[in-house]
file entry-v7.tsv (TSV, C-alpha atoms)
chain	number	residue	atom	x	y	z
Z	1	MET	CA	68.43	-127.91	-45.37
Z	2	ALA	CA	65.67	-126.18	-43.47
Z	3	ASP	CA	63.45	-125.67	-46.51
Z	4	GLU	CA	62.93	-129.34	-47.28
Z	5	GLN	CA	62.72	-130.84	-43.81
Z	6	PRO	CA	59.41	-132.44	-42.80
Z	7	ALA	CA	57.39	-130.50	-40.25
Z	8	ILE	CA	57.46	-133.33	-37.72
Z	9	THR	CA	60.68	-134.18	-35.89
Z	10	LEU	CA	60.86	-137.37	-33.88
Z	11	TYR	CA	63.49	-137.68	-31.17
Z	12	ARG	CA	64.13	-141.36	-30.79
Z	13	LEU	CA	66.38	-144.02	-29.41
Z	14	GLN	CA	67.44	-146.95	-31.55
Z	15	ALA	CA	65.40	-150.11	-30.79
Z	16	CYS	CA	63.14	-148.33	-28.29
Z	17	PRO	CA	59.71	-150.01	-28.59
Z	18	TYR	CA	57.86	-146.86	-27.51
Z	19	CYS	CA	59.61	-144.96	-30.30
Z	20	GLU	CA	58.75	-147.67	-32.83
Z	21	ARG	CA	55.13	-147.40	-31.72
Z	22	VAL	CA	55.16	-143.72	-32.67
Z	23	VAL	CA	56.89	-144.52	-35.98
Z	24	ARG	CA	54.13	-147.02	-36.77
Z	25	THR	CA	51.47	-144.37	-36.13
Z	26	LEU	CA	53.33	-141.79	-38.24
Z	27	ASP	CA	53.54	-144.35	-41.06
Z	28	ASP	CA	49.88	-145.33	-40.66
Z	29	GLN	CA	48.88	-141.68	-41.02
Z	30	GLY	CA	51.23	-141.25	-43.99
Z	31	LEU	CA	53.05	-138.43	-42.23
Z	32	ALA	CA	56.51	-137.27	-43.27
Z	33	TYR	CA	58.92	-136.92	-40.37
Z	34	GLN	CA	62.61	-136.61	-39.68
Z	35	SER	CA	64.32	-138.76	-37.10
Z	36	ARG	CA	66.90	-137.47	-34.65
Z	37	PHE	CA	68.61	-140.24	-32.75
Z	38	VAL	CA	69.91	-139.69	-29.24
Z	39	GLU	CA	71.89	-141.87	-26.87
Z	40	PRO	CA	70.61	-144.36	-24.29
Z	41	MET	CA	72.15	-142.39	-21.40
Z	42	HIS	CA	69.60	-139.92	-20.05
Z	43	SER	CA	72.37	-137.49	-19.14
Z	44	ASP	CA	73.35	-137.34	-22.82
Z	45	ARG	CA	69.96	-136.13	-23.98
Z	46	ASN	CA	70.17	-132.41	-23.36
Z	47	VAL	CA	68.71	-131.66	-26.76
Z	48	VAL	CA	65.51	-133.53	-25.86
Z	49	LYS	CA	65.30	-131.76	-22.53
Z	50	ARG	CA	65.74	-128.44	-24.29
Z	51	VAL	CA	62.93	-128.99	-26.78
Z	52	SER	CA	60.44	-130.93	-24.65
Z	53	GLY	CA	61.29	-130.08	-21.06
Z	54	LYS	CA	62.27	-133.66	-20.18
Z	55	ARG	CA	64.81	-136.18	-21.30
Z	56	SER	CA	62.41	-139.01	-22.19
Z	57	VAL	CA	61.95	-140.35	-25.71
Z	58	PRO	CA	60.02	-140.61	-27.87
Z	59	ALA	CA	59.36	-136.92	-28.17
Z	60	ILE	CA	57.96	-135.11	-31.18
Z	61	VAL	CA	58.03	-131.54	-32.35
Z	62	ASP	CA	55.26	-130.75	-34.83
Z	63	ASP	CA	55.87	-127.47	-36.63
Z	64	ASN	CA	52.45	-127.75	-38.29
Z	65	THR	CA	50.73	-127.14	-34.97
Z	66	GLY	CA	53.50	-125.86	-32.72
Z	67	VAL	CA	53.01	-128.89	-30.47
Z	68	THR	CA	55.87	-130.55	-28.61
Z	69	MET	CA	55.07	-133.75	-26.78
Z	70	SER	CA	56.56	-136.72	-24.92
Z	71	GLU	CA	55.18	-140.16	-23.92
Z	72	SER	CA	54.24	-142.55	-26.71
Z	73	ALA	CA	50.59	-143.01	-25.68
Z	74	ASN	CA	50.07	-139.24	-25.66
Z	75	ILE	CA	51.84	-138.85	-28.99
Z	76	VAL	CA	49.84	-141.62	-30.65
Z	77	GLU	CA	46.61	-140.10	-29.37
Z	78	TYR	CA	47.67	-136.66	-30.54
Z	79	LEU	CA	48.63	-137.89	-34.02
Z	80	GLU	CA	45.39	-139.81	-34.45
Z	81	ASN	CA	43.28	-136.90	-33.23
Z	82	THR	CA	45.16	-134.37	-35.35
Z	83	TYR	CA	45.77	-136.30	-38.55
Z	84	GLY	CA	43.50	-139.39	-38.31
Z	85	GLU	CA	40.34	-140.00	-40.29
Z	86	GLY	CA	38.13	-138.50	-37.62
Z	87	ALA	CA	40.23	-135.34	-37.37
M	1	MET	CA	109.59	-138.65	-41.63
M	2	VAL	CA	111.03	-142.15	-41.21
M	3	ASP	CA	114.15	-143.69	-42.75
M	4	PHE	CA	112.38	-146.50	-44.53
M	5	ASP	CA	109.81	-146.69	-47.29
M	6	VAL	CA	106.25	-146.38	-46.10
M	7	VAL	CA	103.45	-148.22	-47.87
M	8	ASP	CA	102.37	-146.61	-51.13
M	9	LEU	CA	98.65	-146.54	-51.83
M	10	PRO	CA	97.38	-147.42	-55.32
M	11	ASP	CA	96.29	-144.96	-58.00
M	12	HIS	CA	92.79	-143.60	-57.63
M	13	ASP	CA	90.17	-141.74	-59.60
M	14	ALA	CA	88.80	-139.52	-56.84
M	15	PRO	CA	86.96	-136.31	-57.81
M	16	ALA	CA	89.54	-133.70	-58.83
M	17	THR	CA	89.53	-129.92	-58.65
M	18	GLY	CA	86.69	-128.67	-60.84
M	19	ASP	CA	84.69	-131.91	-60.60
M	20	THR	CA	81.36	-132.15	-58.81
M	21	ALA	CA	81.70	-134.21	-55.66
M	22	PRO	CA	79.22	-137.13	-55.58
M	23	ASP	CA	76.25	-136.46	-53.33
M	24	PHE	CA	75.35	-138.92	-50.58
M	25	THR	CA	73.02	-139.24	-47.62
M	26	ARG	CA	74.20	-140.71	-44.33
M	27	PRO	CA	73.56	-140.17	-40.63
M	28	LEU	CA	75.30	-136.93	-39.69
M	29	VAL	CA	76.40	-136.87	-36.07
M	30	ASN	CA	76.72	-133.72	-33.97
M	31	ASP	CA	77.42	-133.45	-30.25
M	32	GLU	CA	73.75	-134.00	-29.40
M	33	PHE	CA	72.11	-136.32	-31.92
M	34	TRP	CA	72.28	-137.75	-35.41
M	35	ALA	CA	69.92	-137.46	-38.33
M	36	ASP	CA	70.13	-138.35	-42.00
M	37	ALA	CA	71.64	-135.54	-44.01
M	38	SER	CA	72.87	-135.11	-47.55
M	39	LEU	CA	76.14	-133.56	-48.53
M	40	SER	CA	74.12	-131.29	-50.83
M	41	ASP	CA	72.05	-130.09	-47.83
M	42	LEU	CA	75.30	-128.84	-46.35
M	43	THR	CA	76.73	-127.30	-49.50
M	44	ASP	CA	73.39	-125.52	-50.05
M	45	ASP	CA	74.21	-123.67	-46.84
M	46	GLY	CA	77.79	-122.80	-47.83
M	47	PRO	CA	81.26	-124.22	-48.46
M	48	VAL	CA	82.13	-127.59	-46.93
M	49	LEU	CA	85.46	-129.04	-45.88
M	50	LEU	CA	84.88	-132.77	-46.36
M	51	VAL	CA	87.44	-134.91	-44.55
M	52	PHE	CA	87.71	-138.65	-45.13
M	53	HIS	CA	89.54	-140.33	-42.28
M	54	THR	CA	90.16	-143.53	-40.38
M	55	MET	CA	87.68	-144.95	-37.94
M	56	ALA	CA	87.45	-143.27	-34.54
M	57	GLY	CA	90.11	-144.62	-32.22
M	58	ALA	CA	92.83	-144.85	-34.85
M	59	PHE	CA	95.34	-142.05	-34.27
M	60	PRO	CA	95.05	-140.41	-37.74
M	61	ALA	CA	91.42	-139.47	-37.04
M	62	THR	CA	92.48	-137.78	-33.81
M	63	TYR	CA	95.48	-136.09	-35.40
M	64	VAL	CA	93.62	-134.61	-38.34
M	65	TRP	CA	90.87	-133.09	-36.19
M	66	ASN	CA	93.35	-131.82	-33.60
M	67	GLU	CA	95.33	-130.15	-36.35
M	68	LEU	CA	92.26	-128.60	-37.96
M	69	ARG	CA	91.04	-127.36	-34.58
M	70	ASP	CA	94.42	-125.86	-33.71
M	71	ARG	CA	94.87	-124.22	-37.11
M	72	GLY	CA	91.23	-123.19	-37.28
M	73	VAL	CA	88.69	-123.56	-40.06
M	74	PRO	CA	87.00	-120.33	-41.20
M	75	ALA	CA	83.60	-119.87	-39.55
M	76	ASP	CA	81.78	-119.84	-42.90
M	77	VAL	CA	83.19	-123.25	-43.88
M	78	GLN	CA	81.44	-126.31	-42.48
M	79	ALA	CA	83.95	-128.95	-41.41
M	80	VAL	CA	82.52	-132.46	-41.73
M	81	GLY	CA	84.18	-135.84	-41.49
M	82	VAL	CA	83.35	-139.24	-42.96
M	83	SER	CA	84.40	-142.58	-41.56
M	84	ILE	CA	83.10	-146.10	-41.04
M	85	SER	CA	82.54	-145.50	-37.33
M	86	SER	CA	79.02	-145.93	-36.02
M	87	PRO	CA	77.07	-142.87	-34.88
M	88	TYR	CA	77.69	-143.91	-31.27
M	89	GLU	CA	81.45	-144.01	-31.84
M	90	HIS	CA	81.35	-140.69	-33.66
M	91	LYS	CA	79.46	-139.09	-30.81
M	92	ALA	CA	81.95	-140.36	-28.22
M	93	PHE	CA	84.83	-139.21	-30.43
M	94	LEU	CA	83.41	-135.69	-30.78
M	95	GLU	CA	83.00	-135.50	-27.03
M	96	GLU	CA	86.25	-137.11	-25.88
M	97	ARG	CA	88.48	-135.38	-28.40
M	98	ASP	CA	86.73	-132.03	-28.26
M	99	VAL	CA	86.23	-132.05	-32.01
M	100	ASP	CA	84.44	-129.05	-33.47
M	101	ALA	CA	82.88	-130.73	-36.49
M	102	ARG	CA	80.07	-133.00	-37.58
M	103	LEU	CA	80.75	-136.52	-38.76
M	104	PHE	CA	79.00	-138.70	-41.33
M	105	SER	CA	78.72	-142.38	-40.47
M	106	ASP	CA	79.33	-144.64	-43.48
M	107	PRO	CA	79.88	-148.12	-42.00
M	108	ALA	CA	79.74	-149.98	-45.32
M	109	ALA	CA	82.18	-147.48	-46.91
M	110	ASP	CA	79.82	-147.01	-49.90
M	111	VAL	CA	80.75	-143.34	-49.97
M	112	ALA	CA	84.40	-144.35	-50.19
M	113	ALA	CA	83.46	-146.51	-53.19
M	114	ASP	CA	81.63	-143.59	-54.85
M	115	TYR	CA	84.74	-141.44	-54.45
M	116	ASP	CA	87.10	-144.29	-55.49
M	117	LEU	CA	88.76	-144.02	-52.10
M	118	GLU	CA	88.23	-147.45	-50.59
M	119	HIS	CA	91.00	-148.65	-48.35
M	120	ASP	CA	91.01	-152.35	-47.44
M	121	LEU	CA	92.78	-152.65	-44.13
M	122	ASP	CA	95.55	-155.20	-44.01
M	123	GLY	CA	95.19	-157.48	-41.03
M	124	MET	CA	91.55	-156.53	-40.40
M	125	ALA	CA	89.72	-159.02	-42.60
M	126	GLY	CA	86.57	-157.67	-44.18
M	127	VAL	CA	87.15	-154.10	-43.01
M	128	THR	CA	87.22	-151.42	-45.70
M	129	GLU	CA	87.43	-147.80	-44.67
M	130	HIS	CA	87.99	-144.40	-46.28
M	131	ARG	CA	91.39	-143.54	-47.64
M	132	PRO	CA	92.48	-140.29	-46.00
M	133	ALA	CA	91.44	-137.38	-48.19
M	134	VAL	CA	90.26	-133.79	-47.97
M	135	PHE	CA	87.89	-132.00	-50.35
M	136	LEU	CA	87.06	-128.33	-50.17
M	137	LEU	CA	83.66	-127.88	-51.83
M	138	ASP	CA	81.82	-124.73	-52.84
M	139	GLU	CA	78.04	-124.21	-52.78
M	140	GLU	CA	77.67	-126.18	-56.04
M	141	ARG	CA	79.63	-129.15	-54.62
M	142	THR	CA	82.45	-128.29	-57.02
M	143	VAL	CA	85.84	-129.38	-55.75
M	144	GLN	CA	87.97	-126.27	-55.11
M	145	TYR	CA	90.84	-128.16	-53.55
M	146	ARG	CA	91.68	-131.81	-53.09
M	147	TRP	CA	94.25	-133.77	-51.19
M	148	VAL	CA	94.36	-137.60	-51.25
M	149	ALA	CA	96.73	-139.81	-49.27
M	150	ASP	CA	99.45	-141.40	-51.41
M	151	GLU	CA	100.95	-143.36	-48.56
M	152	TRP	CA	99.74	-145.18	-45.49
M	153	PRO	CA	99.70	-143.35	-43.23
M	154	ASP	CA	99.63	-139.89	-44.74
M	155	PHE	CA	98.34	-136.52	-43.54
M	156	PRO	CA	96.88	-133.53	-45.37
M	157	ASP	CA	99.14	-130.73	-46.54
M	158	TYR	CA	97.76	-128.23	-44.05
M	159	GLU	CA	99.60	-125.25	-45.53
M	160	GLU	CA	98.15	-125.92	-48.96
M	161	LEU	CA	94.74	-126.45	-47.41
M	162	ALA	CA	95.01	-123.15	-45.51
M	163	ASP	CA	95.79	-121.39	-48.79
M	164	ALA	CA	92.78	-123.03	-50.43
M	165	LEU	CA	90.54	-122.02	-47.52
M	166	ALA	CA	91.84	-118.46	-47.70
M	167	GLY	CA	91.21	-118.40	-51.45
M	168	LEU	CA	87.54	-119.43	-51.30
call {"tool": "encode", "arguments": {"input": "entry-v7.tsv", "output": "structure tokens"}}
result
Amino acid sequence: MADEQPAITLYRLQACPYCERVVRTLDDQGLAYQSRFVEPMHSDRNVVKRVSGKRSVPAIVDDNTGVTMSESANIVEYLENTYGEGA
Amino acid sequence: MVDFDVVDLPDHDAPATGDTAPDFTRPLVNDEFWADASLSDLTDDGPVLLVFHTMAGAFPATYVWNELRDRGVPADVQAVGVSISSPYEHKAFLEERDVDARLFSDPAADVAADYDLEHDLDGMAGVTEHRPAVFLLDEERTVQYRWVADEWPDFPDYEELADALAGL
């Protein structure tokens, strides 16, 4: 399983607009990613806390760069700066 | 078990011992999150005990996982379930019932169709789920052991299954 997984993992919540914003940016940049869906209840998001330090989504883990990040605005900026045309 | 005839289920053409189990990709739910996964991803990592069962909440789903937990599944065999329950229901089920397994969510029962194990529920119009069945698969997705429900309800032959697990 591990050998074929995309380098970018997106922790997301179904129908979360901030998560969809990150998805749109990933798609715009043509980046492969795997989605891991968590539950609406913050207390049920230990996996997100463990990887990113907080329970908020979206959060991404980018194995290409070793970066882990939360907050959609930060993630979008990071993706554009790292993978965008100007990068 | 009871002193009257229980409902017989129809003939089926599910993968038999020696056949290759059809591959599929569905959200696979663990106790923390769900992500799309293929059956072949799992078998690439080692043997898989694939358990088709009723939706979460129906007692057979609870019974089969209780029984497997109490009897124990060898550590090198990945126990995974398949039902029509949503990922949210699966996650609650894993938590509430203390199930030590991962569960595929197949709400449209397309996987049941691929395995010829669709079960249309009487009295629940439009609801088709998975006929209870157990497949023990090796790393090539070859069926090493199979049990399929002949009656409704029906439960795996756990002794036979234990022998099959021991013989892997």
call {"tool": "interface_residues", "arguments": {"input": "entry-v7.tsv", "of": "chain M", "to": "chain Z", "cutoff": "12 Å", "atoms": "only C-alpha atoms", "output": "list in words"}}
result
Pro27, Leu28, Val29, Asn30, Asp31, Glu32, Phe33, Trp34, Ala35, Asp36, Ala37, Ser38, Leu39, Ser40, Asp41, Leu42, Thr43, Asp44, Asp45, Gly46, Pro87, Tyr88, Glu89, His90, Lys91, Ala92 and Glu95 of chain M
call {"tool": "residues_near_point", "arguments": {"input": "entry-v7.tsv", "point": "(93.3, -121.4, -50.0)", "cutoff": "12 Å", "atoms": "only C-alpha atoms", "output": "NGL selection string"}}
result
:M and (49 or 73-74 or 77 or 135-137 or 144-146 or 157-168)
call {"tool": "closest_residue", "arguments": {"input": "entry-v7.tsv", "among": "M:Asp76, M:Asp110, M:Asp122, M:Asp11", "to": "Asp23 of chain M", "atoms": "only C-alpha atoms"}}
result
M:Asp110
call {"tool": "residues_near_point", "arguments": {"input": "entry-v7.tsv", "point": "(82.7, -137.2, -44.4)", "cutoff": "9 Å", "atoms": "only C-alpha atoms", "output": "VMD selection string"}}
result
chain M and resid 28 39 49 to 53 79 to 83 102 to 106 111
call {"tool": "residues_around", "arguments": {"input": "entry-v7.tsv", "residues": "Ser70 of chain Z", "least_positions_apart": "3", "cutoff": "10 Å", "atoms": "all atoms listed in the file", "output": "PDB file with C-alpha atoms, in the coordinates of the input"}}
result
ATOM      1  CA  LEU Z  10      60.860-137.370 -33.880  1.00  0.00           C
ATOM      2  CA  TYR Z  11      63.490-137.680 -31.170  1.00  0.00           C
ATOM      3  CA  VAL Z  48      65.510-133.530 -25.860  1.00  0.00           C
ATOM      4  CA  SER Z  52      60.440-130.930 -24.650  1.00  0.00           C
ATOM      5  CA  GLY Z  53      61.290-130.080 -21.060  1.00  0.00           C
ATOM      6  CA  LYS Z  54      62.270-133.660 -20.180  1.00  0.00           C
ATOM      7  CA  ARG Z  55      64.810-136.180 -21.300  1.00  0.00           C
ATOM      8  CA  SER Z  56      62.410-139.010 -22.190  1.00  0.00           C
ATOM      9  CA  VAL Z  57      61.950-140.350 -25.710  1.00  0.00           C
ATOM     10  CA  PRO Z  58      60.020-140.610 -27.870  1.00  0.00           C
ATOM     11  CA  ALA Z  59      59.360-136.920 -28.170  1.00  0.00           C
ATOM     12  CA  ILE Z  60      57.960-135.110 -31.180  1.00  0.00           C
ATOM     13  CA  VAL Z  61      58.030-131.540 -32.350  1.00  0.00           C
ATOM     14  CA  ALA Z  73      50.590-143.010 -25.680  1.00  0.00           C
ATOM     15  CA  ASN Z  74      50.070-139.240 -25.660  1.00  0.00           C
ATOM     16  CA  ILE Z  75      51.840-138.850 -28.990  1.00  0.00           C
TER      17      ILE Z  75
END
call {"tool": "closest_residue", "arguments": {"input": "entry-v7.tsv", "among": "M:Phe93, M:Val99, M:Val143, M:Ala149", "to": "Gly72 of chain M", "atoms": "all atoms listed in the file"}}
result
M:Val99
call {"tool": "residues_around", "arguments": {"input": "entry-v7.tsv", "residues": "Tyr83 of chain Z", "least_positions_apart": "3", "cutoff": "10 Å", "atoms": "all atoms listed in the file", "output": "list of chain:residue names"}}
result
Z:Leu26, Z:Gln29, Z:Gly30, Z:Leu31, Z:Glu77, Z:Tyr78, Z:Leu79, Z:Glu80, Z:Gly86, Z:Ala87
call {"tool": "atom_distance", "arguments": {"input": "entry-v7.tsv", "atom1": "atom CA of Pro107 of chain M", "atom2": "atom CA of Arg69 of chain M"}}
result
24.7 Å
call {"tool": "atom_distance", "arguments": {"input": "entry-v7.tsv", "atom1": "atom CA of His130 of chain M", "atom2": "atom CA of Leu117 of chain M"}}
result
5.9 Å
call {"tool": "closest_residue", "arguments": {"input": "entry-v7.tsv", "among": "M:Asp70, M:Asp116, M:Glu139, M:Asp3", "to": "Ala16 of chain M", "atoms": "only C-alpha atoms"}}
result
M:Asp116
call {"tool": "atom_distance", "arguments": {"input": "entry-v7.tsv", "atom1": "atom CA of Ala75 of chain M", "atom2": "atom CA of Thr142 of chain M"}}
result
19.4 Å
call {"tool": "residues_around", "arguments": {"input": "entry-v7.tsv", "residues": "Gly126 of chain M", "least_positions_apart": "5", "cutoff": "12 Å", "atoms": "all atoms listed in the file", "output": "list in words"}}
result
Pro107, Ala108, Ala109, His119, Asp120 and Leu121 of chain M
